[in-house]
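Structure, as structure tokens:
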Amino acid sequence: MSRTGRNDRRVRRALVVALGTILILAAGLYGPVTLLPPLPVASVRMLDLPASSGIGAASEVPLPVPGASAVYADGATDPLATSGSADPVPIGGASKVVAALVVLDERPLAAGRSGDSIPITSDDYASYLDYRDAGGRNIPVVEGDTWTQREVLQAVVLGSSNNHADTLVRWAFGSLDAYASAAGDWLSAHGLTRTTIVDPTGLTDRNTGTAEDMARLAELAAGNVVLSELLESPVVTTTRGYEISNQADFRVVDGVRGISRSFSDAAGVCLLFAVPLGGNEPSRTVYGAFLRQPSYDSLEVDMDEFLTGIRARAEAVSLVGAGVAVAEYRSAWGQTTTAVTRDGLEVQSLSGAAANGDVQVDDLRTVRAGDRVGTLRYEVDGTTREVVLVASAALTDPGPGWRLLSPGPMVGSLLSERGD
């Protein structure tokens with residue numbers, strides 16, 4: 001054979017070897033490229049959410065027409081409703097709630113503890129005699145005796161004792177003038193900028209505040225662990241045997257929690273209160289102030305109307321039921337499943353604001369029926385409420401056969417994982 005023929009055979013053999021090598025290498029790469037990468041992420045199509053228009057229709061909250069009134073829902077920045085004068089008015093016995101909170105900031109007391117001993121001085125005894133002779137609320141004291149801080153707070157907050165209000169602030173701040181200055185600082189720090197305090201009793205008409213400030217004060221008092229604990233007691237007995245009835249109690253059987261209830265010539269009837277509304281968790285509470293009311297009888301009528309109105313407004317509204325489909329998944333190999341609500345959601349919307357749902361779903365490749373796949377969130381009155389989304393059916397692995405016959409989706413998944 002000629003040299004040219006032998007060269008041609010060598011070239012053909014080399015080409016065959018090269019082609020065979022390429023095919024072997026290609027086969028070696030094809031398997032890993034199609035079998036080893038994660039499966040492609042299923043596509044998602046969002047479905048229309050059920051309408052929640054019912055939450056937007058809020059009934060009116062009736063408040064007393066005379067005087068000044070305001071109510072807030074817990075945690076809200078704006079009042080739920082107001083009525084009457086928007087200007088500061090005399091606040092009567094609500095002044096003692098301010099005194100208790102200011103002193104507790106200065107001299108903290110742990111819940112359930114008695115606190116320091118407070119001596120009854122000659123000034124304290126003189127205050128008692130003055131209020132007794134003037135017909136103001138008082139609880140007897142004896143010079144040289146001692147009361148615990150807790151007992152003095154009980155006399156002030158539950159018994160509305162004027163002489164104990166003086167005793168409390170003198171003990172904490174040294175004088176009534178020093179207390180008035182501290183009270184001003186405390187009010188400013190808590191945003192009650194339209195309230196003025198010159199003495200701890202509220203007998204003067206110079207202790208003034210707006211109904212909005214006083215409704216806020218009611219929320220602050222209810223949120224204080226010591227005052228909240230004290231206000232739970234209908235009656236207490238001190239170590240000296242004095243029985244102190246809770247003068248703040250009002251309509252307990254109707255679910256009202258009185259925080260301060262008082263009458264003076266300057267302020268009329270004044271009530272600070274809280275009304276827990278119950279219902280679904282998290283339950284809501286409204287805090288209110290009815291100031292300068294003409295009589296206790298009219299206060300009863302006004303409270304009847306308020307309770308009817310606020311409870312009608314707080315009736316639970318269904319935002320979504322259980323098993324509602326909000327998104328549909330479709331895998332590259334043709335299986336489908338839906339994201340459905342695991343549970344229903346009912347809410348109280350005291351503001352009456354409409355609630356719009358926001359769906360957040362997970363990326364899925366495979367999933368078991370009933371597994372969590374996302375969340376449906378609603379914003380209601382500034383609070384986020386969530387419903388868990390679960391898969392209605394399984395997405396299963398299609399197996400190696402589909403992977404080997406689907407190089408496009410598998411290579412795309414590989415590149416997606418690598419961020420290419």
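By order of appearance in the structure tokens: chains A, B, ..., then residues from 1 within every chain, and ligands from 1 in the order shown.
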
Please run DSSP on the backbone and report, as a ChimeraX atom specification, all residues within range 154-308 of chain A that come out as helix (DSSP H, G or I).
-> /A:154-158,162-173,176-189,211-223,225-231,252-254,296-308

Work out how far apart CA of Val61 in chain A and CA of Ser83 in chain A are and give it in Å to one decimal.
-> 10.1 Å

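Shortest separation to Asp116 in chain A among A:Trp147, A:Val102, A:Val97, A:Arg137 occurs at residue A:Trp147, atoms counted being only C-alpha atoms.
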
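The nearest approach to Ser245 in chain A among the residues A:Val141, A:Pro62, A:Gly288, A:Leu231, with only C-alpha atoms taken into account, belongs to A:Leu231.
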
Non-local contacts of Gln154 in chain A (9 Å; only C-alpha atoms; under 5 positions in same chain excluded) as a PyMOL selection string = chain A and resi 149+159-160+227+230-231+236+238+244+246

Take the residues just selected and output them with C-alpha atoms as a CSV table (one decimal), in the first residue's frame.
```
chain,number,residue,atom,x,y,z
A,149,GLN,CA,-46.9,52.7,99.7
A,159,GLY,CA,-61.0,55.3,97.9
A,160,SER,CA,-60.3,58.7,96.1
A,227,LEU,CA,-52.8,50.2,89.1
A,230,LEU,CA,-55.4,47.5,92.5
A,231,LEU,CA,-58.4,48.3,90.3
A,236,VAL,CA,-59.5,46.2,100.5
A,238,THR,CA,-55.5,48.0,105.4
A,244,ILE,CA,-61.5,51.0,101.4
A,246,ASN,CA,-63.4,50.9,95.1
```

Proximity check range 297-356 of chain A to range 368-381 of chain A, 10 Å, nearest pairs one decimal Å, only C-alpha atoms, as a Markdown table:
```
| residue | atom | partner | partner_atom | distance |
| --- | --- | --- | --- | --- |
| A:Leu319 | CA | A:Tyr378 | CA | 8.6 |
| A:Val320 | CA | A:Leu376 | CA | 9.7 |
| A:Val326 | CA | A:Leu376 | CA | 8.5 |
| A:Ala327 | CA | A:Gly374 | CA | 9.8 |
| A:Thr337 | CA | A:Ala369 | CA | 8.6 |
| A:Thr338 | CA | A:Val373 | CA | 9.4 |
| A:Ala339 | CA | A:Val373 | CA | 6.6 |
| A:Val340 | CA | A:Val373 | CA | 8.9 |
| A:Thr341 | CA | A:Leu376 | CA | 7.8 |
| A:Arg342 | CA | A:Gly370 | CA | 8.4 |
| A:Leu345 | CA | A:Tyr378 | CA | 9.6 |
| A:Val347 | CA | A:Val380 | CA | 7.8 |
| A:Gln348 | CA | A:Val380 | CA | 8.1 |
| A:Ser349 | CA | A:Asp381 | CA | 6.2 |
| A:Leu350 | CA | A:Asp381 | CA | 7.3 |
| A:Ser351 | CA | A:Asp381 | CA | 6.3 |
| A:Gly352 | CA | A:Asp381 | CA | 8.2 |
| A:Ala353 | CA | A:Asp381 | CA | 7.0 |
| A:Ala354 | CA | A:Val380 | CA | 7.8 |
| A:Ala355 | CA | A:Val380 | CA | 5.8 |
| A:Asn356 | CA | A:Tyr378 | CA | 5.9 |
```

N, CA and C atoms of the current selection, written as a PDB file, in the first residue's frame:
```
ATOM      1  N   LEU A 319     -63.005  37.550  57.082  1.00  0.00           N
ATOM      2  CA  LEU A 319     -62.192  37.999  55.955  1.00  0.00           C
ATOM      3  C   LEU A 319     -61.989  36.895  54.927  1.00  0.00           C
ATOM      4  N   VAL A 320     -61.822  35.668  55.390  1.00  0.00           N
ATOM      5  CA  VAL A 320     -61.588  34.551  54.480  1.00  0.00           C
ATOM      6  C   VAL A 320     -61.962  33.262  55.203  1.00  0.00           C
ATOM      7  N   VAL A 326     -55.916  30.481  46.812  1.00  0.00           N
ATOM      8  CA  VAL A 326     -55.420  31.820  46.526  1.00  0.00           C
ATOM      9  C   VAL A 326     -54.292  31.818  45.490  1.00  0.00           C
ATOM     10  N   ALA A 327     -53.738  30.650  45.154  1.00  0.00           N
ATOM     11  CA  ALA A 327     -52.686  30.565  44.139  1.00  0.00           C
ATOM     12  C   ALA A 327     -52.661  29.155  43.574  1.00  0.00           C
ATOM     13  N   THR A 337     -51.083  21.898  41.823  1.00  0.00           N
ATOM     14  CA  THR A 337     -51.635  21.958  43.170  1.00  0.00           C
ATOM     15  C   THR A 337     -52.011  23.402  43.441  1.00  0.00           C
ATOM     16  N   THR A 338     -52.825  23.639  44.451  1.00  0.00           N
ATOM     17  CA  THR A 338     -53.215  25.002  44.808  1.00  0.00           C
ATOM     18  C   THR A 338     -52.812  25.307  46.244  1.00  0.00           C
ATOM     19  N   ALA A 339     -52.514  26.571  46.487  1.00  0.00           N
ATOM     20  CA  ALA A 339     -52.273  27.059  47.845  1.00  0.00           C
ATOM     21  C   ALA A 339     -53.624  27.477  48.417  1.00  0.00           C
ATOM     22  N   VAL A 340     -54.051  26.808  49.477  1.00  0.00           N
ATOM     23  CA  VAL A 340     -55.363  27.084  50.069  1.00  0.00           C
ATOM     24  C   VAL A 340     -55.186  27.503  51.520  1.00  0.00           C
ATOM     25  N   THR A 341     -56.144  28.261  52.040  1.00  0.00           N
ATOM     26  CA  THR A 341     -56.099  28.676  53.441  1.00  0.00           C
ATOM     27  C   THR A 341     -56.360  27.479  54.343  1.00  0.00           C
ATOM     28  N   ARG A 342     -55.471  27.323  55.331  1.00  0.00           N
ATOM     29  CA  ARG A 342     -55.644  26.205  56.266  1.00  0.00           C
ATOM     30  C   ARG A 342     -56.813  26.457  57.213  1.00  0.00           C
ATOM     31  N   LEU A 345     -60.400  33.243  58.924  1.00  0.00           N
ATOM     32  CA  LEU A 345     -59.981  34.377  59.740  1.00  0.00           C
ATOM     33  C   LEU A 345     -61.142  35.331  59.938  1.00  0.00           C
ATOM     34  N   VAL A 347     -62.149  38.888  62.221  1.00  0.00           N
ATOM     35  CA  VAL A 347     -61.484  39.986  62.918  1.00  0.00           C
ATOM     36  C   VAL A 347     -62.509  40.987  63.430  1.00  0.00           C
ATOM     37  N   GLN A 348     -62.050  41.776  64.409  1.00  0.00           N
ATOM     38  CA  GLN A 348     -62.776  42.957  64.836  1.00  0.00           C
ATOM     39  C   GLN A 348     -62.052  44.166  64.252  1.00  0.00           C
ATOM     40  N   SER A 349     -62.749  44.971  63.501  1.00  0.00           N
ATOM     41  CA  SER A 349     -62.144  46.191  62.966  1.00  0.00           C
ATOM     42  C   SER A 349     -62.898  47.374  63.533  1.00  0.00           C
ATOM     43  N   LEU A 350     -62.412  47.906  64.639  1.00  0.00           N
ATOM     44  CA  LEU A 350     -63.103  49.015  65.274  1.00  0.00           C
ATOM     45  C   LEU A 350     -63.060  50.273  64.421  1.00  0.00           C
ATOM     46  N   SER A 351     -62.005  50.421  63.616  1.00  0.00           N
ATOM     47  CA  SER A 351     -61.904  51.623  62.786  1.00  0.00           C
ATOM     48  C   SER A 351     -62.819  51.560  61.579  1.00  0.00           C
ATOM     49  N   GLY A 352     -63.244  50.358  61.182  1.00  0.00           N
ATOM     50  CA  GLY A 352     -64.060  50.205  59.993  1.00  0.00           C
ATOM     51  C   GLY A 352     -63.271  50.285  58.702  1.00  0.00           C
ATOM     52  N   ALA A 353     -61.941  50.287  58.794  1.00  0.00           N
ATOM     53  CA  ALA A 353     -61.115  50.371  57.588  1.00  0.00           C
ATOM     54  C   ALA A 353     -61.135  49.045  56.842  1.00  0.00           C
ATOM     55  N   ALA A 354     -61.175  49.122  55.507  1.00  0.00           N
ATOM     56  CA  ALA A 354     -61.154  47.909  54.697  1.00  0.00           C
ATOM     57  C   ALA A 354     -59.821  47.193  54.866  1.00  0.00           C
ATOM     58  N   ALA A 355     -59.846  45.877  54.784  1.00  0.00           N
ATOM     59  CA  ALA A 355     -58.636  45.069  54.925  1.00  0.00           C
ATOM     60  C   ALA A 355     -58.329  44.393  53.602  1.00  0.00           C
ATOM     61  N   ASN A 356     -57.132  44.606  53.089  1.00  0.00           N
ATOM     62  CA  ASN A 356     -56.710  44.003  51.839  1.00  0.00           C
ATOM     63  C   ASN A 356     -55.689  42.923  52.120  1.00  0.00           C
TER      64      ASN A 356
END
```

Could you name the residues that touch range 396-407 of chain A at 10 Å or less, counting only C-alpha atoms, but leaving out those on the same chain fewer than 5 positions away, as a VMD selection string?
-> chain A and resid 30 to 37 39 331 to 336 365 to 368 412 to 413

Just the selected residues (C-alpha atoms), exported as a CSV table (one decimal), in the first residue's frame, please.
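This went into part09.csv:
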```csv
chain,number,residue,atom,x,y,z
A,30,TYR,CA,-25.6,14.5,29.7
A,31,GLY,CA,-26.5,12.2,32.5
A,32,PRO,CA,-25.2,14.5,35.4
A,33,VAL,CA,-26.6,17.6,33.7
A,34,THR,CA,-30.1,16.1,33.5
A,35,LEU,CA,-30.1,13.9,36.6
A,36,LEU,CA,-28.2,15.8,39.3
A,37,PRO,CA,-29.6,19.4,39.3
A,39,LEU,CA,-36.0,20.1,39.6
A,331,SER,CA,-44.9,22.0,37.6
A,332,ALA,CA,-42.8,21.6,34.4
A,333,TRP,CA,-43.9,17.9,34.2
A,334,GLY,CA,-47.6,18.8,34.3
A,335,GLN,CA,-48.7,18.3,37.9
A,336,THR,CA,-50.7,21.0,39.6
A,365,ARG,CA,-40.4,21.9,43.3
A,366,THR,CA,-42.1,19.0,45.2
A,367,VAL,CA,-44.5,19.2,48.1
A,368,ARG,CA,-46.7,16.9,50.1
A,412,GLY,CA,-32.4,25.9,32.9
A,413,SER,CA,-32.8,24.8,36.5
```

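When only C-alpha atoms are used to measure the gap to Gly255 in chain A, the shortest distance among A:Ala182, A:Val286, A:Ala68, A:Cys270 belongs to A:Val286.
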
Closest to Gly241 in chain A among A:Ala289, A:Ala393, A:Ile139, A:Ala180, using only C-alpha atoms?
-> A:Ile139

Can you pull out every residue within 12 Å of Gly209 in chain A, counting only C-alpha atoms, but drop anything in the same chain fewer than 5 positions away, and send it as a ChimeraX atom specification?
-> /A:68-70,85-95,98,187,192-198,202,214-217,267,270,289-292

Keeping only N, CA and C atoms, write the selected residues as an mmCIF file, in the first residue's frame.
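Result written to part19.cif:
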```cif
data_model
loop_
_atom_site.group_PDB
_atom_site.id
_atom_site.type_symbol
_atom_site.label_atom_id
_atom_site.label_comp_id
_atom_site.auth_asym_id
_atom_site.auth_seq_id
_atom_site.Cartn_x
_atom_site.Cartn_y
_atom_site.Cartn_z
ATOM 1 N N ALA A 68 -67.511 66.649 77.536
ATOM 2 C CA ALA A 68 -66.440 66.307 76.600
ATOM 3 C C ALA A 68 -66.164 64.815 76.729
ATOM 4 N N SER A 69 -66.121 64.118 75.600
ATOM 5 C CA SER A 69 -65.938 62.663 75.621
ATOM 6 C C SER A 69 -65.028 62.233 74.480
ATOM 7 N N ALA A 70 -64.291 61.129 74.703
ATOM 8 C CA ALA A 70 -63.450 60.549 73.660
ATOM 9 C C ALA A 70 -63.211 59.090 74.000
ATOM 10 N N SER A 85 -66.952 69.237 73.865
ATOM 11 C CA SER A 85 -65.871 70.203 73.799
ATOM 12 C C SER A 85 -64.544 69.526 73.478
ATOM 13 N N ALA A 86 -63.786 70.140 72.582
ATOM 14 C CA ALA A 86 -62.427 69.679 72.288
ATOM 15 C C ALA A 86 -61.395 70.420 73.115
ATOM 16 N N ASP A 87 -61.832 71.402 73.902
ATOM 17 C CA ASP A 87 -60.917 72.187 74.722
ATOM 18 C C ASP A 87 -60.725 71.537 76.085
ATOM 19 N N PRO A 88 -59.645 71.886 76.789
ATOM 20 C CA PRO A 88 -59.453 71.359 78.146
ATOM 21 C C PRO A 88 -60.586 71.786 79.074
ATOM 22 N N VAL A 89 -61.019 70.849 79.912
ATOM 23 C CA VAL A 89 -62.059 71.097 80.906
ATOM 24 C C VAL A 89 -61.569 70.536 82.239
ATOM 25 N N PRO A 90 -62.164 70.950 83.362
ATOM 26 C CA PRO A 90 -61.772 70.377 84.657
ATOM 27 C C PRO A 90 -61.929 68.849 84.652
ATOM 28 N N ILE A 91 -60.978 68.146 85.259
ATOM 29 C CA ILE A 91 -60.951 66.678 85.173
ATOM 30 C C ILE A 91 -61.246 65.983 86.498
ATOM 31 N N GLY A 92 -61.480 66.728 87.564
ATOM 32 C CA GLY A 92 -61.895 66.129 88.820
ATOM 33 C C GLY A 92 -60.958 65.044 89.319
ATOM 34 N N GLY A 93 -61.556 63.923 89.731
ATOM 35 C CA GLY A 93 -60.794 62.843 90.351
ATOM 36 C C GLY A 93 -59.817 62.145 89.431
ATOM 37 N N ALA A 94 -59.894 62.387 88.124
ATOM 38 C CA ALA A 94 -58.877 61.823 87.228
ATOM 39 C C ALA A 94 -57.489 62.338 87.588
ATOM 40 N N SER A 95 -57.456 63.468 88.299
ATOM 41 C CA SER A 95 -56.170 64.006 88.771
ATOM 42 C C SER A 95 -55.439 63.004 89.658
ATOM 43 N N VAL A 98 -53.415 60.605 87.641
ATOM 44 C CA VAL A 98 -52.142 61.219 87.257
ATOM 45 C C VAL A 98 -51.156 61.140 88.420
ATOM 46 N N LEU A 187 -46.503 64.528 82.115
ATOM 47 C CA LEU A 187 -47.547 64.690 81.097
ATOM 48 C C LEU A 187 -46.934 64.961 79.724
ATOM 49 N N LEU A 192 -49.409 63.955 76.753
ATOM 50 C CA LEU A 192 -50.669 64.535 77.245
ATOM 51 C C LEU A 192 -50.461 66.042 77.401
ATOM 52 N N THR A 193 -50.224 66.673 76.279
ATOM 53 C CA THR A 193 -49.769 68.060 76.283
ATOM 54 C C THR A 193 -50.868 69.082 76.525
ATOM 55 N N ARG A 194 -52.126 68.642 76.506
ATOM 56 C CA ARG A 194 -53.227 69.581 76.737
ATOM 57 C C ARG A 194 -53.858 69.366 78.118
ATOM 58 N N THR A 195 -53.048 68.787 79.009
ATOM 59 C CA THR A 195 -53.488 68.573 80.394
ATOM 60 C C THR A 195 -52.606 69.388 81.326
ATOM 61 N N THR A 196 -53.236 70.030 82.303
ATOM 62 C CA THR A 196 -52.527 70.849 83.292
ATOM 63 C C THR A 196 -52.867 70.354 84.686
ATOM 64 N N ILE A 197 -51.850 70.147 85.515
ATOM 65 C CA ILE A 197 -52.042 69.673 86.882
ATOM 66 C C ILE A 197 -51.380 70.655 87.840
ATOM 67 N N VAL A 198 -52.140 71.154 88.793
ATOM 68 C CA VAL A 198 -51.564 72.030 89.814
ATOM 69 C C VAL A 198 -51.650 71.404 91.207
ATOM 70 N N GLY A 202 -57.596 67.224 92.354
ATOM 71 C CA GLY A 202 -58.581 67.543 91.327
ATOM 72 C C GLY A 202 -59.746 68.359 91.830
ATOM 73 N N MET A 214 -57.526 62.417 78.444
ATOM 74 C CA MET A 214 -57.982 61.588 79.544
ATOM 75 C C MET A 214 -58.267 60.141 79.099
ATOM 76 N N ALA A 215 -58.715 59.955 77.861
ATOM 77 C CA ALA A 215 -58.876 58.591 77.347
ATOM 78 C C ALA A 215 -57.518 57.917 77.227
ATOM 79 N N ARG A 216 -56.511 58.689 76.811
ATOM 80 C CA ARG A 216 -55.145 58.175 76.778
ATOM 81 C C ARG A 216 -54.657 57.833 78.185
ATOM 82 N N LEU A 217 -55.006 58.696 79.133
ATOM 83 C CA LEU A 217 -54.626 58.440 80.526
ATOM 84 C C LEU A 217 -55.235 57.129 81.018
ATOM 85 N N ALA A 267 -65.973 70.089 88.020
ATOM 86 C CA ALA A 267 -65.803 69.139 86.909
ATOM 87 C C ALA A 267 -67.073 68.388 86.558
ATOM 88 N N CYS A 270 -67.217 62.783 86.198
ATOM 89 C CA CYS A 270 -66.140 62.381 85.287
ATOM 90 C C CYS A 270 -65.879 60.888 85.433
ATOM 91 N N ALA A 289 -63.089 58.412 78.101
ATOM 92 C CA ALA A 289 -63.268 59.442 79.124
ATOM 93 C C ALA A 289 -64.562 60.181 78.835
ATOM 94 N N PHE A 290 -65.469 60.188 79.814
ATOM 95 C CA PHE A 290 -66.675 61.004 79.759
ATOM 96 C C PHE A 290 -66.498 62.078 80.834
ATOM 97 N N LEU A 291 -66.297 63.328 80.429
ATOM 98 C CA LEU A 291 -66.009 64.412 81.359
ATOM 99 C C LEU A 291 -67.172 65.404 81.406
ATOM 100 N N ARG A 292 -67.315 66.036 82.565
ATOM 101 C CA ARG A 292 -68.293 67.112 82.777
ATOM 102 C C ARG A 292 -69.709 66.663 82.446
#
```

Determine which residues of range 308-382 of chain A receive a DSSP assignment of strand (DSSP E or B), computed from the backbone, and state them as a VMD selection string.
-> chain A and resid 317 to 320 325 to 330 336 to 341 345 to 347 357 to 361 367 372 to 380

Please produce an output containing N, CA and C atoms for each residue in the selection, written as an mmCIF file, in the first residue's frame.
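Saved the output as selection-v6.cif:
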```
data_model
loop_
_atom_site.group_PDB
_atom_site.id
_atom_site.type_symbol
_atom_site.label_atom_id
_atom_site.label_comp_id
_atom_site.auth_asym_id
_atom_site.auth_seq_id
_atom_site.Cartn_x
_atom_site.Cartn_y
_atom_site.Cartn_z
ATOM 1 N N VAL A 317 -65.978 40.115 61.715
ATOM 2 C CA VAL A 317 -66.223 40.038 60.286
ATOM 3 C C VAL A 317 -65.314 38.967 59.707
ATOM 4 N N SER A 318 -65.870 38.105 58.858
ATOM 5 C CA SER A 318 -65.073 37.055 58.232
ATOM 6 C C SER A 318 -64.325 37.625 57.032
ATOM 7 N N LEU A 319 -63.005 37.550 57.082
ATOM 8 C CA LEU A 319 -62.192 37.999 55.955
ATOM 9 C C LEU A 319 -61.989 36.895 54.927
ATOM 10 N N VAL A 320 -61.822 35.668 55.390
ATOM 11 C CA VAL A 320 -61.588 34.551 54.480
ATOM 12 C C VAL A 320 -61.962 33.262 55.203
ATOM 13 N N ALA A 325 -58.818 28.780 47.817
ATOM 14 C CA ALA A 325 -57.630 28.751 46.958
ATOM 15 C C ALA A 325 -57.198 30.169 46.611
ATOM 16 N N VAL A 326 -55.916 30.481 46.812
ATOM 17 C CA VAL A 326 -55.420 31.820 46.526
ATOM 18 C C VAL A 326 -54.292 31.818 45.490
ATOM 19 N N ALA A 327 -53.738 30.650 45.154
ATOM 20 C CA ALA A 327 -52.686 30.565 44.139
ATOM 21 C C ALA A 327 -52.661 29.155 43.574
ATOM 22 N N GLU A 328 -52.247 29.038 42.305
ATOM 23 C CA GLU A 328 -52.167 27.731 41.644
ATOM 24 C C GLU A 328 -50.734 27.491 41.170
ATOM 25 N N TYR A 329 -50.199 26.323 41.491
ATOM 26 C CA TYR A 329 -48.865 25.911 41.048
ATOM 27 C C TYR A 329 -49.002 24.931 39.883
ATOM 28 N N ARG A 330 -48.103 25.034 38.911
ATOM 29 C CA ARG A 330 -48.013 24.050 37.815
ATOM 30 C C ARG A 330 -46.546 23.708 37.618
ATOM 31 N N THR A 336 -50.267 19.743 39.048
ATOM 32 C CA THR A 336 -50.750 21.004 39.609
ATOM 33 C C THR A 336 -51.172 20.812 41.059
ATOM 34 N N THR A 337 -51.083 21.898 41.823
ATOM 35 C CA THR A 337 -51.635 21.958 43.170
ATOM 36 C C THR A 337 -52.011 23.402 43.441
ATOM 37 N N THR A 338 -52.825 23.639 44.451
ATOM 38 C CA THR A 338 -53.215 25.002 44.808
ATOM 39 C C THR A 338 -52.812 25.307 46.244
ATOM 40 N N ALA A 339 -52.514 26.571 46.487
ATOM 41 C CA ALA A 339 -52.273 27.059 47.845
ATOM 42 C C ALA A 339 -53.624 27.477 48.417
ATOM 43 N N VAL A 340 -54.051 26.808 49.477
ATOM 44 C CA VAL A 340 -55.363 27.084 50.069
ATOM 45 C C VAL A 340 -55.186 27.503 51.520
ATOM 46 N N THR A 341 -56.144 28.261 52.040
ATOM 47 C CA THR A 341 -56.099 28.676 53.441
ATOM 48 C C THR A 341 -56.360 27.479 54.343
ATOM 49 N N LEU A 345 -60.400 33.243 58.924
ATOM 50 C CA LEU A 345 -59.981 34.377 59.740
ATOM 51 C C LEU A 345 -61.142 35.331 59.938
ATOM 52 N N GLU A 346 -61.501 35.551 61.214
ATOM 53 C CA GLU A 346 -62.481 36.563 61.584
ATOM 54 C C GLU A 346 -61.779 37.627 62.406
ATOM 55 N N VAL A 347 -62.149 38.888 62.221
ATOM 56 C CA VAL A 347 -61.484 39.986 62.918
ATOM 57 C C VAL A 347 -62.509 40.987 63.430
ATOM 58 N N GLY A 357 -55.874 41.766 51.475
ATOM 59 C CA GLY A 357 -54.990 40.639 51.710
ATOM 60 C C GLY A 357 -53.737 40.707 50.853
ATOM 61 N N ASP A 358 -52.624 40.231 51.395
ATOM 62 C CA ASP A 358 -51.352 40.155 50.679
ATOM 63 C C ASP A 358 -50.870 38.714 50.730
ATOM 64 N N VAL A 359 -50.706 38.101 49.549
ATOM 65 C CA VAL A 359 -50.320 36.691 49.463
ATOM 66 C C VAL A 359 -48.820 36.582 49.253
ATOM 67 N N GLN A 360 -48.178 35.770 50.060
ATOM 68 C CA GLN A 360 -46.767 35.450 49.890
ATOM 69 C C GLN A 360 -46.642 33.938 49.829
ATOM 70 N N VAL A 361 -46.175 33.420 48.669
ATOM 71 C CA VAL A 361 -46.069 31.967 48.485
ATOM 72 C C VAL A 361 -44.615 31.577 48.295
ATOM 73 N N VAL A 367 -43.829 18.889 46.838
ATOM 74 C CA VAL A 367 -44.479 19.204 48.102
ATOM 75 C C VAL A 367 -45.475 18.109 48.422
ATOM 76 N N ARG A 372 -47.128 23.426 54.489
ATOM 77 C CA ARG A 372 -47.222 24.884 54.420
ATOM 78 C C ARG A 372 -46.496 25.389 53.173
ATOM 79 N N VAL A 373 -47.151 26.282 52.423
ATOM 80 C CA VAL A 373 -46.543 26.800 51.193
ATOM 81 C C VAL A 373 -46.566 28.329 51.136
ATOM 82 N N GLY A 374 -47.049 29.004 52.168
ATOM 83 C CA GLY A 374 -47.070 30.458 52.134
ATOM 84 C C GLY A 374 -47.953 31.049 53.210
ATOM 85 N N THR A 375 -48.217 32.348 53.074
ATOM 86 C CA THR A 375 -48.978 33.087 54.081
ATOM 87 C C THR A 375 -49.874 34.112 53.386
ATOM 88 N N LEU A 376 -51.084 34.250 53.915
ATOM 89 C CA LEU A 376 -51.998 35.314 53.514
ATOM 90 C C LEU A 376 -52.083 36.295 54.675
ATOM 91 N N ARG A 377 -51.668 37.550 54.442
ATOM 92 C CA ARG A 377 -51.622 38.541 55.513
ATOM 93 C C ARG A 377 -52.649 39.645 55.281
ATOM 94 N N TYR A 378 -53.273 40.065 56.393
ATOM 95 C CA TYR A 378 -54.191 41.204 56.373
ATOM 96 C C TYR A 378 -53.719 42.232 57.398
ATOM 97 N N GLU A 379 -53.793 43.500 57.038
ATOM 98 C CA GLU A 379 -53.548 44.586 57.983
ATOM 99 C C GLU A 379 -54.901 45.112 58.458
ATOM 100 N N VAL A 380 -55.172 44.962 59.750
ATOM 101 C CA VAL A 380 -56.445 45.388 60.316
ATOM 102 C C VAL A 380 -56.172 46.296 61.507
#
```

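By chain and then residue number, the residues within 9 Å of Asp123 in chain A are Ile120, Ala126, Ser127, Tyr128, Glu143 and Thr167 of chain A, counting only C-alpha atoms and disregarding those fewer than 3 positions away in sequence.
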
Can you list, as a PyMOL selection string, every protein, DNA or RNA residue that comes within 7 Å of Ala266 in chain A when you count only C-alpha atoms, leaving out same-chain residues fewer than 2 positions away?
-> chain A and resi 90+205+264+268
